[in-house]
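Peer 1: Right, I'll just put the structure down here and ask away after.
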Amino acid sequence: MSIHAVVWDVDDTLFDYTTADRLGMRAHLTAEGLLDDYDTVEQAIARWREITDVQWARYAAGEATFEDQRRDRVRVFLGHDLTDAEADAWFKRYRAHYEAVWALFPDVLPVLDSLAASHRHAVLSNSSIHVQDRKLRVLGVHDRFESILCAAELGVSKPEAGAFLAACEALDLPPHQVAYVGDHPEIDGRGAADAGLLSVWIDRGGVYATIDPPVGPRRIASLAELPSVLGTDSRFGAPSTFR
C-alpha cells in the first residue's frame with residue numbers, strides 16, 4: 001500500500017487545544033472577576049465547554065448563525081441577557097486570552113518538514129472554516145495544506161464516511177492512498193478506518209488514553225512515529241511505542 005497524502009485533524013492533533021482552552025479561560029475569568037462564581041477553575045471551564053458543545057450543535061444543525069452561537073455561549077455562561085454588542089465584546093476579550101496561548105505541539109513542525117517532499121497534506125476538522133482557517137494562519141502552518149475542509153461547510157461530519165471521502169475527493173486520491181491522523185479513537189480513528197483510509201490515532205496520553213483502542217487505526221504516541229507508519233524513509237521517523 002502506497003500512501004500519497006496525509007489528512008490531519010486540528011484540535012489536540014496539531015494544535016494543543018486542551019491546554020490553550022484551559023489557560024485562556026483561566027486568564028479571562030480572572031480578568032473578568034468571575035472565578036468566585038465557581039468552586040474551582042476546572043468547574044468553570046467544564047461549564048464553558050458544556051455550553052460550547054450545545055451551542056455549536058445548534059450552529060451545525062443550521063439553527064443559529066456562527067455569530068449567534070458565540071453570543072449565546074456568553075449569555076448562557078453568564079446567566080443573564082446581553083445585547084449583541086455586549087456579548088461580542090465579552091467574547092472578543094475571551095478570544096484575546098485564548099489566542100495568546102495558542103501553540104502547536106512540539107512534534108508538529110518536524111513531522112510536517114519531514115513529510116513535505118514525500119506526501120501531500122490536507123485538513124479535515126469537525127469545526128468550521130471560520131475557526132480553523134484563522135487558527136492555522138495564526139499558527140503559521142496554513143500554507144502547508146492543499147485543502148482545509150470543515151464539517152460545518154461540508155454538511156457531513158466525522159465519523160461519517162462521507163467526511164473522510166470528501167477529503168480524499170479534494171485530493172483526487174482513492175481512500176487507500178490517504179492516511180488520516182487524529183486524536184479521537186472513535187471519531188477519528190475508527191471513522192477513518194471504516195472509510196478505507198490508513199487510520200492513525202495519535203494518543204498523547206490525554207482523556208482517551210485509558211480506553212481500549214478500537215480495531216482499525218494504528219496507534220502512536222508521538223508524530224515522530226508517523227513517517228515509520230507511512231513507510232517513509234526518514235531519519236526523523238521513530239518506531240512505534242505501541243504494539
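Each chain of the C-alpha cells is named A, B, ... in the order shown, its residues numbered from 1; ligands are numbered from 1 in display order.
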Residues at most 9 Å from Val178 in chain A, counting only C-alpha atoms, excluding those fewer than 2 positions away in the same chain, as an mmCIF file with N, CA and C atoms, in the first residue's frame?
Peer 2:
data_model
loop_
_atom_site.group_PDB
_atom_site.id
_atom_site.type_symbol
_atom_site.label_atom_id
_atom_site.label_comp_id
_atom_site.auth_asym_id
_atom_site.auth_seq_id
_atom_site.Cartn_x
_atom_site.Cartn_y
_atom_site.Cartn_z
ATOM 1 N N SER A 2 0.627 2.138 -0.945
ATOM 2 C CA SER A 2 1.411 3.366 -1.038
ATOM 3 C C SER A 2 0.540 4.546 -0.628
ATOM 4 N N ILE A 3 0.988 5.282 0.378
ATOM 5 C CA ILE A 3 0.250 6.439 0.878
ATOM 6 C C ILE A 3 0.834 7.705 0.256
ATOM 7 N N HIS A 4 -0.023 8.459 -0.423
ATOM 8 C CA HIS A 4 0.431 9.659 -1.122
ATOM 9 C C HIS A 4 0.069 10.959 -0.402
ATOM 10 N N ALA A 5 -0.860 10.889 0.546
ATOM 11 C CA ALA A 5 -1.298 12.117 1.212
ATOM 12 C C ALA A 5 -1.667 11.821 2.659
ATOM 13 N N VAL A 6 -1.520 12.845 3.481
ATOM 14 C CA VAL A 6 -1.926 12.770 4.880
ATOM 15 C C VAL A 6 -2.976 13.851 5.125
ATOM 16 N N VAL A 7 -4.107 13.444 5.666
ATOM 17 C CA VAL A 7 -5.148 14.387 6.068
ATOM 18 C C VAL A 7 -5.116 14.474 7.587
ATOM 19 N N CYS A 168 -10.646 12.897 0.573
ATOM 20 C CA CYS A 168 -9.976 12.145 -0.497
ATOM 21 C C CYS A 168 -10.324 12.723 -1.863
ATOM 22 N N LEU A 171 -8.426 15.787 -2.717
ATOM 23 C CA LEU A 171 -7.057 15.469 -3.120
ATOM 24 C C LEU A 171 -7.000 14.674 -4.416
ATOM 25 N N LEU A 173 -7.646 11.504 -4.762
ATOM 26 C CA LEU A 173 -6.970 10.251 -4.462
ATOM 27 C C LEU A 173 -7.976 9.257 -3.884
ATOM 28 N N PRO A 174 -7.789 7.971 -4.142
ATOM 29 C CA PRO A 174 -8.649 6.960 -3.523
ATOM 30 C C PRO A 174 -8.311 6.827 -2.043
ATOM 31 N N PRO A 175 -9.263 6.395 -1.225
ATOM 32 C CA PRO A 175 -9.027 6.311 0.222
ATOM 33 C C PRO A 175 -7.808 5.487 0.615
ATOM 34 N N HIS A 176 -7.516 4.409 -0.120
ATOM 35 C CA HIS A 176 -6.403 3.554 0.291
ATOM 36 C C HIS A 176 -5.048 4.207 0.064
ATOM 37 N N TYR A 180 -5.131 9.242 7.540
ATOM 38 C CA TYR A 180 -5.781 10.268 8.363
ATOM 39 C C TYR A 180 -5.207 10.193 9.769
ATOM 40 N N GLY A 196 -11.977 3.472 4.836
ATOM 41 C CA GLY A 196 -10.991 2.899 3.940
ATOM 42 C C GLY A 196 -9.657 3.600 3.891
ATOM 43 N N LEU A 197 -9.446 4.577 4.774
ATOM 44 C CA LEU A 197 -8.159 5.262 4.825
ATOM 45 C C LEU A 197 -7.217 4.514 5.761
ATOM 46 N N LEU A 198 -5.926 4.784 5.635
ATOM 47 C CA LEU A 198 -4.981 4.334 6.646
ATOM 48 C C LEU A 198 -5.184 5.246 7.849
ATOM 49 N N SER A 199 -5.699 4.687 8.923
ATOM 50 C CA SER A 199 -6.071 5.484 10.078
ATOM 51 C C SER A 199 -4.970 5.446 11.123
#
Peer 1: Taking only range 22-237 of chain A into account, list the residues labelled strand (DSSP E) by DSSP (computed from the backbone), as a list in words.
Peer 2: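 So the strand (DSSP E) residues in range 22-237 of chain A would be Arg120, His121, Ala122, Val123, Leu124, Ser125, Ser147, Ile148, Leu149, Cys150, Val178, Ala179, Tyr180, Val181, Gly182, Leu198, Ser199, Val200, Trp201, Ile202, Arg218, Arg219 and Ile220 of chain A.
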Peer 1: For Arg70 in chain A, which of A:Trp48, A:Tyr38, A:Asp188, A:Val108 is the closest residue, counting only C-alpha atoms?
Peer 2: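 Going through A:Trp48, A:Tyr38, A:Asp188, A:Val108 one by one, the smallest distance to Arg70 in chain A is for A:Trp48.
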Peer 1: Which value, in Å to one decimal, gives the distance between CA of Leu124 in chain A and CA of Trp102 in chain A?
Peer 2: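 Computed distance, CA of Leu124 in chain A to CA of Trp102 in chain A, equals 19.3 Å.
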Peer 1: Can you tell me, as a ChimeraX atom specification, what residues are no more than 10 Å from Tyr59 in chain A when counting only C-alpha atoms, ignoring any on the same chain fewer than 4 positions away?
Peer 2: /A:53-55,63-70,128,152
Peer 1: With all heavy atoms retained, could you export that selection as an mmCIF file, in the first residue's frame?
Peer 2:
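Contents of out33.cif, as written:
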data_model
loop_
_atom_site.group_PDB
_atom_site.id
_atom_site.type_symbol
_atom_site.label_atom_id
_atom_site.label_comp_id
_atom_site.auth_asym_id
_atom_site.auth_seq_id
_atom_site.Cartn_x
_atom_site.Cartn_y
_atom_site.Cartn_z
ATOM 1 N N ASP A 53 -20.442 23.116 23.513
ATOM 2 C CA ASP A 53 -20.894 21.941 22.763
ATOM 3 C C ASP A 53 -22.355 22.070 22.354
ATOM 4 O O ASP A 53 -22.733 21.744 21.217
ATOM 5 C CB ASP A 53 -20.700 20.671 23.600
ATOM 6 C CG ASP A 53 -19.243 20.274 23.754
ATOM 7 O OD1 ASP A 53 -18.408 20.795 22.997
ATOM 8 O OD2 ASP A 53 -18.949 19.457 24.644
ATOM 9 N N VAL A 54 -23.192 22.550 23.275
ATOM 10 C CA VAL A 54 -24.624 22.691 22.990
ATOM 11 C C VAL A 54 -24.858 23.742 21.907
ATOM 12 O O VAL A 54 -25.603 23.520 20.938
ATOM 13 C CB VAL A 54 -25.394 23.062 24.269
ATOM 14 C CG1 VAL A 54 -26.842 23.435 23.942
ATOM 15 C CG2 VAL A 54 -25.366 21.903 25.264
ATOM 16 N N GLN A 55 -24.210 24.887 22.038
ATOM 17 C CA GLN A 55 -24.422 25.969 21.078
ATOM 18 C C GLN A 55 -23.807 25.646 19.717
ATOM 19 O O GLN A 55 -24.364 26.017 18.680
ATOM 20 C CB GLN A 55 -23.865 27.285 21.632
ATOM 21 C CG GLN A 55 -24.566 27.772 22.891
ATOM 22 C CD GLN A 55 -26.051 27.973 22.697
ATOM 23 O OE1 GLN A 55 -26.518 28.371 21.621
ATOM 24 N NE2 GLN A 55 -26.829 27.700 23.740
ATOM 25 N N GLU A 63 -29.426 25.931 13.095
ATOM 26 C CA GLU A 63 -30.406 26.607 13.946
ATOM 27 C C GLU A 63 -29.909 27.959 14.454
ATOM 28 O O GLU A 63 -30.686 28.709 15.060
ATOM 29 C CB GLU A 63 -30.756 25.713 15.135
ATOM 30 C CG GLU A 63 -31.382 24.381 14.735
ATOM 31 C CD GLU A 63 -31.516 23.425 15.899
ATOM 32 O OE1 GLU A 63 -31.123 23.819 17.030
ATOM 33 O OE2 GLU A 63 -31.987 22.290 15.687
ATOM 34 N N ALA A 64 -28.663 28.257 14.239
ATOM 35 C CA ALA A 64 -28.092 29.532 14.679
ATOM 36 C C ALA A 64 -26.954 29.902 13.746
ATOM 37 O O ALA A 64 -26.300 29.023 13.172
ATOM 38 C CB ALA A 64 -27.580 29.428 16.116
ATOM 39 N N THR A 65 -26.711 31.201 13.586
ATOM 40 C CA THR A 65 -25.570 31.632 12.798
ATOM 41 C C THR A 65 -24.292 31.439 13.612
ATOM 42 O O THR A 65 -24.334 31.216 14.831
ATOM 43 C CB THR A 65 -25.685 33.111 12.418
ATOM 44 O OG1 THR A 65 -25.593 33.907 13.616
ATOM 45 C CG2 THR A 65 -27.004 33.398 11.709
ATOM 46 N N PHE A 66 -23.164 31.535 12.937
ATOM 47 C CA PHE A 66 -21.884 31.402 13.632
ATOM 48 C C PHE A 66 -21.756 32.467 14.718
ATOM 49 O O PHE A 66 -21.325 32.180 15.843
ATOM 50 C CB PHE A 66 -20.743 31.525 12.626
ATOM 51 C CG PHE A 66 -19.380 31.343 13.233
ATOM 52 C CD1 PHE A 66 -18.916 30.090 13.566
ATOM 53 C CD2 PHE A 66 -18.556 32.448 13.475
ATOM 54 C CE1 PHE A 66 -17.657 29.919 14.130
ATOM 55 C CE2 PHE A 66 -17.305 32.288 14.036
ATOM 56 C CZ PHE A 66 -16.853 31.020 14.366
ATOM 57 N N GLU A 67 -22.142 33.693 14.400
ATOM 58 C CA GLU A 67 -22.036 34.780 15.371
ATOM 59 C C GLU A 67 -23.011 34.575 16.536
ATOM 60 O O GLU A 67 -22.664 34.821 17.701
ATOM 61 C CB GLU A 67 -22.301 36.124 14.702
ATOM 62 C CG GLU A 67 -21.235 36.566 13.712
ATOM 63 C CD GLU A 67 -21.309 35.826 12.381
ATOM 64 O OE1 GLU A 67 -22.353 35.170 12.119
ATOM 65 O OE2 GLU A 67 -20.333 35.894 11.614
ATOM 66 N N ASP A 68 -24.227 34.122 16.228
ATOM 67 C CA ASP A 68 -25.224 33.959 17.280
ATOM 68 C C ASP A 68 -24.858 32.841 18.256
ATOM 69 O O ASP A 68 -25.137 32.946 19.458
ATOM 70 C CB ASP A 68 -26.604 33.691 16.676
ATOM 71 C CG ASP A 68 -27.254 34.954 16.152
ATOM 72 O OD1 ASP A 68 -26.802 36.050 16.536
ATOM 73 O OD2 ASP A 68 -28.207 34.847 15.356
ATOM 74 N N GLN A 69 -24.233 31.756 17.759
ATOM 75 C CA GLN A 69 -23.852 30.702 18.695
ATOM 76 C C GLN A 69 -22.789 31.204 19.669
ATOM 77 O O GLN A 69 -22.771 30.810 20.840
ATOM 78 C CB GLN A 69 -23.401 29.438 17.958
ATOM 79 C CG GLN A 69 -22.165 29.551 17.069
ATOM 80 C CD GLN A 69 -20.848 29.377 17.804
ATOM 81 O OE1 GLN A 69 -20.818 28.776 18.878
ATOM 82 N NE2 GLN A 69 -19.768 29.878 17.226
ATOM 83 N N ARG A 70 -21.914 32.088 19.211
ATOM 84 C CA ARG A 70 -20.919 32.675 20.112
ATOM 85 C C ARG A 70 -21.600 33.563 21.154
ATOM 86 O O ARG A 70 -21.279 33.519 22.348
ATOM 87 C CB ARG A 70 -19.899 33.488 19.315
ATOM 88 C CG ARG A 70 -18.849 32.655 18.605
ATOM 89 C CD ARG A 70 -17.808 33.535 17.960
ATOM 90 N NE ARG A 70 -16.627 32.761 17.597
ATOM 91 C CZ ARG A 70 -15.577 33.264 16.980
ATOM 92 N NH1 ARG A 70 -15.530 34.550 16.662
ATOM 93 N NH2 ARG A 70 -14.535 32.498 16.687
ATOM 94 N N SER A 128 -15.448 24.585 11.990
ATOM 95 C CA SER A 128 -15.864 25.439 10.882
ATOM 96 C C SER A 128 -14.647 26.119 10.277
ATOM 97 O O SER A 128 -13.653 26.370 10.964
ATOM 98 C CB SER A 128 -16.853 26.500 11.376
ATOM 99 O OG SER A 128 -17.030 27.513 10.402
ATOM 100 N N ALA A 152 -18.802 21.976 9.242
ATOM 101 C CA ALA A 152 -19.885 22.956 9.167
ATOM 102 C C ALA A 152 -20.184 23.351 7.730
ATOM 103 O O ALA A 152 -21.341 23.599 7.372
ATOM 104 C CB ALA A 152 -19.524 24.187 9.990
#
Peer 1: For Thr52 in chain A, which residue out of A:Ser127, A:His119, A:Leu136, A:Trp8 is the nearest one, using only C-alpha atoms?
Peer 2: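 Using only C-alpha atoms, the shortest distance to Thr52 in chain A belongs to A:Ser127.
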Peer 1: Could you tell me how far CA of Ile129 in chain A lies from CA of Leu23 in chain A, in Å and to one decimal?
Peer 2: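 So the answer is 23.5 Å.
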Peer 1: Could you list, as a list in words, every residue within 12 Å of Ala85 in chain A, counting only C-alpha atoms and ignoring same-chain residues fewer than 3 positions away?
Peer 2: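 Residues near the query, excluding close chain neighbours: Glu67, Asp68, Arg70, Arg71, Val74, Arg75, Asp81, Leu82, Asp88, Ala89, Trp90, Phe91 and Lys92 of chain A.
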Peer 1: How about saving the chosen residues, N, CA, C and O atoms kept, as a PDB file, in the first residue's frame?
Peer 2:
ATOM      1  N   GLU A  67     -22.142  33.693  14.400  1.00  0.00           N
ATOM      2  CA  GLU A  67     -22.036  34.780  15.371  1.00  0.00           C
ATOM      3  C   GLU A  67     -23.011  34.575  16.536  1.00  0.00           C
ATOM      4  O   GLU A  67     -22.664  34.821  17.701  1.00  0.00           O
ATOM      5  N   ASP A  68     -24.227  34.122  16.228  1.00  0.00           N
ATOM      6  CA  ASP A  68     -25.224  33.959  17.280  1.00  0.00           C
ATOM      7  C   ASP A  68     -24.858  32.841  18.256  1.00  0.00           C
ATOM      8  O   ASP A  68     -25.137  32.946  19.458  1.00  0.00           O
ATOM      9  N   ARG A  70     -21.914  32.088  19.211  1.00  0.00           N
ATOM     10  CA  ARG A  70     -20.919  32.675  20.112  1.00  0.00           C
ATOM     11  C   ARG A  70     -21.600  33.563  21.154  1.00  0.00           C
ATOM     12  O   ARG A  70     -21.279  33.519  22.348  1.00  0.00           O
ATOM     13  N   ARG A  71     -22.526  34.397  20.688  1.00  0.00           N
ATOM     14  CA  ARG A  71     -23.213  35.289  21.617  1.00  0.00           C
ATOM     15  C   ARG A  71     -24.006  34.501  22.655  1.00  0.00           C
ATOM     16  O   ARG A  71     -24.012  34.849  23.843  1.00  0.00           O
ATOM     17  N   VAL A  74     -21.981  33.073  25.501  1.00  0.00           N
ATOM     18  CA  VAL A  74     -21.686  34.066  26.536  1.00  0.00           C
ATOM     19  C   VAL A  74     -22.900  34.291  27.430  1.00  0.00           C
ATOM     20  O   VAL A  74     -22.790  34.313  28.664  1.00  0.00           O
ATOM     21  N   ARG A  75     -24.070  34.448  26.813  1.00  0.00           N
ATOM     22  CA  ARG A  75     -25.287  34.720  27.594  1.00  0.00           C
ATOM     23  C   ARG A  75     -25.601  33.582  28.556  1.00  0.00           C
ATOM     24  O   ARG A  75     -25.924  33.813  29.728  1.00  0.00           O
ATOM     25  N   ASP A  81     -29.139  38.369  30.275  1.00  0.00           N
ATOM     26  CA  ASP A  81     -29.252  38.902  28.920  1.00  0.00           C
ATOM     27  C   ASP A  81     -28.157  39.927  28.635  1.00  0.00           C
ATOM     28  O   ASP A  81     -27.761  40.696  29.518  1.00  0.00           O
ATOM     29  N   LEU A  82     -27.689  39.885  27.406  1.00  0.00           N
ATOM     30  CA  LEU A  82     -26.729  40.878  26.931  1.00  0.00           C
ATOM     31  C   LEU A  82     -27.151  41.298  25.532  1.00  0.00           C
ATOM     32  O   LEU A  82     -27.739  40.501  24.791  1.00  0.00           O
ATOM     33  N   ASP A  88     -20.600  40.267  22.056  1.00  0.00           N
ATOM     34  CA  ASP A  88     -19.449  40.263  21.147  1.00  0.00           C
ATOM     35  C   ASP A  88     -18.200  40.787  21.850  1.00  0.00           C
ATOM     36  O   ASP A  88     -17.098  40.256  21.672  1.00  0.00           O
ATOM     37  N   ALA A  89     -18.364  41.826  22.642  1.00  0.00           N
ATOM     38  CA  ALA A  89     -17.219  42.421  23.347  1.00  0.00           C
ATOM     39  C   ALA A  89     -16.659  41.436  24.369  1.00  0.00           C
ATOM     40  O   ALA A  89     -15.435  41.308  24.515  1.00  0.00           O
ATOM     41  N   TRP A  90     -17.537  40.742  25.100  1.00  0.00           N
ATOM     42  CA  TRP A  90     -17.089  39.749  26.083  1.00  0.00           C
ATOM     43  C   TRP A  90     -16.332  38.617  25.394  1.00  0.00           C
ATOM     44  O   TRP A  90     -15.251  38.208  25.854  1.00  0.00           O
ATOM     45  N   PHE A  91     -16.887  38.135  24.283  1.00  0.00           N
ATOM     46  CA  PHE A  91     -16.221  37.045  23.574  1.00  0.00           C
ATOM     47  C   PHE A  91     -14.884  37.506  22.979  1.00  0.00           C
ATOM     48  O   PHE A  91     -13.913  36.741  22.968  1.00  0.00           O
ATOM     49  N   LYS A  92     -14.824  38.741  22.512  1.00  0.00           N
ATOM     50  CA  LYS A  92     -13.571  39.261  21.974  1.00  0.00           C
ATOM     51  C   LYS A  92     -12.494  39.298  23.049  1.00  0.00           C
ATOM     52  O   LYS A  92     -11.322  38.966  22.786  1.00  0.00           O
TER      53      LYS A  92
END
Peer 1: Separation of CA of Ala27 in chain A and CA of Ala151 in chain A, in Å?
Peer 2: 29.7 Å
Peer 1: Determine, for each residue of range 145-207 of chain A having at least one atom at most 8 Å from an atom of range 213-224 of chain A, the closest pair of atoms and their separation in Å to one decimal, counting only C-alpha atoms; order by chain and ascending number, as a tab-separated table.
Peer 2:
residue	atom	partner	partner_atom	distance
A:Pro185	CA	A:Pro214	CA	6.6
A:Glu186	CA	A:Pro214	CA	6.9
A:Gly189	CA	A:Pro217	CA	5.1
A:Arg190	CA	A:Gly216	CA	6.0
A:Ala192	CA	A:Pro217	CA	7.8
A:Ala193	CA	A:Gly216	CA	5.3
A:Asp194	CA	A:Gly216	CA	7.5
A:Leu198	CA	A:Pro217	CA	7.2
A:Ser199	CA	A:Pro217	CA	4.5
A:Val200	CA	A:Arg218	CA	4.6
A:Trp201	CA	A:Arg219	CA	4.8
A:Ile202	CA	A:Ile220	CA	5.1
A:Asp203	CA	A:Ala221	CA	5.0
A:Arg204	CA	A:Ala221	CA	5.4
A:Gly205	CA	A:Ala221	CA	7.5
Peer 1: Those selected residues, please, written with all heavy atoms and delivered as an mmCIF file, in the first residue's frame.
Peer 2:
data_model
loop_
_atom_site.group_PDB
_atom_site.id
_atom_site.type_symbol
_atom_site.label_atom_id
_atom_site.label_comp_id
_atom_site.auth_asym_id
_atom_site.auth_seq_id
_atom_site.Cartn_x
_atom_site.Cartn_y
_atom_site.Cartn_z
ATOM 1 N N PRO A 185 -10.072 8.325 19.303
ATOM 2 C CA PRO A 185 -10.005 6.938 18.837
ATOM 3 C C PRO A 185 -11.219 6.495 18.028
ATOM 4 O O PRO A 185 -11.069 5.657 17.117
ATOM 5 C CB PRO A 185 -9.878 6.123 20.132
ATOM 6 C CG PRO A 185 -10.368 7.031 21.212
ATOM 7 C CD PRO A 185 -10.030 8.414 20.779
ATOM 8 N N GLU A 186 -12.396 7.035 18.316
ATOM 9 C CA GLU A 186 -13.596 6.627 17.595
ATOM 10 C C GLU A 186 -13.905 7.570 16.435
ATOM 11 O O GLU A 186 -13.998 7.146 15.284
ATOM 12 C CB GLU A 186 -14.792 6.565 18.560
ATOM 13 C CG GLU A 186 -14.667 5.481 19.611
ATOM 14 C CD GLU A 186 -14.760 4.079 19.012
ATOM 15 O OE1 GLU A 186 -15.362 3.917 17.938
ATOM 16 O OE2 GLU A 186 -14.208 3.147 19.637
ATOM 17 N N GLY A 189 -10.186 7.797 14.664
ATOM 18 C CA GLY A 189 -9.549 6.508 14.425
ATOM 19 C C GLY A 189 -10.427 5.504 13.720
ATOM 20 O O GLY A 189 -10.127 5.062 12.604
ATOM 21 N N ARG A 190 -11.517 5.133 14.345
ATOM 22 C CA ARG A 190 -12.395 4.143 13.730
ATOM 23 C C ARG A 190 -13.085 4.706 12.490
ATOM 24 O O ARG A 190 -13.272 4.010 11.490
ATOM 25 C CB ARG A 190 -13.438 3.645 14.727
ATOM 26 C CG ARG A 190 -14.203 2.424 14.213
ATOM 27 C CD ARG A 190 -15.395 2.092 15.096
ATOM 28 N NE ARG A 190 -15.039 1.792 16.467
ATOM 29 C CZ ARG A 190 -14.675 0.575 16.876
ATOM 30 N NH1 ARG A 190 -14.583 -0.428 16.006
ATOM 31 N NH2 ARG A 190 -14.389 0.371 18.155
ATOM 32 N N ALA A 192 -12.046 6.922 10.238
ATOM 33 C CA ALA A 192 -11.170 6.896 9.061
ATOM 34 C C ALA A 192 -10.933 5.474 8.583
ATOM 35 O O ALA A 192 -10.916 5.206 7.374
ATOM 36 C CB ALA A 192 -9.849 7.582 9.397
ATOM 37 N N ALA A 193 -10.741 4.547 9.512
ATOM 38 C CA ALA A 193 -10.508 3.150 9.131
ATOM 39 C C ALA A 193 -11.714 2.578 8.405
ATOM 40 O O ALA A 193 -11.583 1.903 7.382
ATOM 41 C CB ALA A 193 -10.177 2.320 10.370
ATOM 42 N N ASP A 194 -12.910 2.860 8.920
ATOM 43 C CA ASP A 194 -14.129 2.353 8.288
ATOM 44 C C ASP A 194 -14.344 2.944 6.902
ATOM 45 O O ASP A 194 -14.978 2.324 6.043
ATOM 46 C CB ASP A 194 -15.346 2.640 9.167
ATOM 47 C CG ASP A 194 -15.389 1.783 10.424
ATOM 48 O OD1 ASP A 194 -14.599 0.816 10.510
ATOM 49 O OD2 ASP A 194 -16.205 2.081 11.310
ATOM 50 N N LEU A 198 -5.926 4.784 5.635
ATOM 51 C CA LEU A 198 -4.981 4.334 6.646
ATOM 52 C C LEU A 198 -5.184 5.246 7.849
ATOM 53 O O LEU A 198 -4.898 6.440 7.799
ATOM 54 C CB LEU A 198 -3.545 4.441 6.149
ATOM 55 C CG LEU A 198 -2.462 4.166 7.215
ATOM 56 C CD1 LEU A 198 -2.558 2.732 7.717
ATOM 57 C CD2 LEU A 198 -1.064 4.456 6.661
ATOM 58 N N SER A 199 -5.699 4.687 8.923
ATOM 59 C CA SER A 199 -6.071 5.484 10.078
ATOM 60 C C SER A 199 -4.970 5.446 11.123
ATOM 61 O O SER A 199 -4.512 4.375 11.519
ATOM 62 C CB SER A 199 -7.375 4.950 10.677
ATOM 63 O OG SER A 199 -7.722 5.661 11.836
ATOM 64 N N VAL A 200 -4.577 6.641 11.589
ATOM 65 C CA VAL A 200 -3.536 6.754 12.607
ATOM 66 C C VAL A 200 -4.089 7.559 13.782
ATOM 67 O O VAL A 200 -4.450 8.722 13.636
ATOM 68 C CB VAL A 200 -2.266 7.444 12.051
ATOM 69 C CG1 VAL A 200 -1.179 7.469 13.117
ATOM 70 C CG2 VAL A 200 -1.780 6.732 10.786
ATOM 71 N N TRP A 201 -4.146 6.913 14.931
ATOM 72 C CA TRP A 201 -4.632 7.565 16.147
ATOM 73 C C TRP A 201 -3.431 8.054 16.939
ATOM 74 O O TRP A 201 -2.610 7.270 17.386
ATOM 75 C CB TRP A 201 -5.469 6.577 16.955
ATOM 76 C CG TRP A 201 -5.819 7.048 18.337
ATOM 77 C CD1 TRP A 201 -6.009 8.332 18.751
ATOM 78 C CD2 TRP A 201 -6.018 6.228 19.495
ATOM 79 N NE1 TRP A 201 -6.327 8.366 20.098
ATOM 80 C CE2 TRP A 201 -6.342 7.090 20.576
ATOM 81 C CE3 TRP A 201 -5.973 4.854 19.726
ATOM 82 C CZ2 TRP A 201 -6.585 6.615 21.858
ATOM 83 C CZ3 TRP A 201 -6.229 4.383 21.002
ATOM 84 C CH2 TRP A 201 -6.533 5.263 22.052
ATOM 85 N N ILE A 202 -3.329 9.389 17.097
ATOM 86 C CA ILE A 202 -2.278 9.971 17.908
ATOM 87 C C ILE A 202 -2.785 10.045 19.349
ATOM 88 O O ILE A 202 -3.688 10.830 19.663
ATOM 89 C CB ILE A 202 -1.824 11.360 17.375
ATOM 90 C CG1 ILE A 202 -0.845 12.045 18.331
ATOM 91 C CG2 ILE A 202 -2.993 12.271 17.044
ATOM 92 C CD1 ILE A 202 0.497 11.382 18.427
ATOM 93 N N ASP A 203 -2.241 9.204 20.192
ATOM 94 C CA ASP A 203 -2.644 9.093 21.591
ATOM 95 C C ASP A 203 -1.571 9.757 22.443
ATOM 96 O O ASP A 203 -0.533 9.170 22.732
ATOM 97 C CB ASP A 203 -2.814 7.622 21.966
ATOM 98 C CG ASP A 203 -3.107 7.419 23.444
ATOM 99 O OD1 ASP A 203 -3.403 8.420 24.132
ATOM 100 O OD2 ASP A 203 -3.047 6.263 23.903
ATOM 101 N N ARG A 204 -1.819 11.006 22.819
ATOM 102 C CA ARG A 204 -0.827 11.780 23.572
ATOM 103 C C ARG A 204 -0.969 11.596 25.079
ATOM 104 O O ARG A 204 -0.411 12.356 25.849
ATOM 105 C CB ARG A 204 -0.945 13.256 23.211
ATOM 106 C CG ARG A 204 -0.685 13.574 21.735
ATOM 107 C CD ARG A 204 -0.709 15.078 21.497
ATOM 108 N NE ARG A 204 -0.533 15.442 20.098
ATOM 109 C CZ ARG A 204 0.644 15.530 19.494
ATOM 110 N NH1 ARG A 204 1.737 15.258 20.177
ATOM 111 N NH2 ARG A 204 0.737 15.862 18.214
ATOM 112 N N GLY A 205 -1.727 10.582 25.488
ATOM 113 C CA GLY A 205 -1.896 10.342 26.912
ATOM 114 C C GLY A 205 -2.934 11.225 27.548
ATOM 115 O O GLY A 205 -2.898 11.485 28.745
#
Peer 1: Give me, as a ChimeraX atom specification, the residues of chain A that a backbone DSSP run labels alpha helix (DSSP H).
Peer 2: /A:17-32,41-60,66-78,84-100,108-115,129-138,151-154,161-171,191-194,226-230
Peer 1: Using only C-alpha atoms, which of A:Ala20, A:Val41, A:Cys150, A:Leu165 sits nearest Ala60 in chain A?
Peer 2: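 Comparing A:Ala20, A:Val41, A:Cys150, A:Leu165 against Ala60 in chain A, the winner is A:Cys150.
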Peer 1: So, counting only C-alpha atoms, which residue among A:Arg144, A:Ala44, A:Leu154, A:Pro159 is closest to Thr30 in chain A?
Peer 2: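 Checking each of A:Arg144, A:Ala44, A:Leu154, A:Pro159 against Thr30 in chain A, counting only C-alpha atoms, the winner is A:Ala44.
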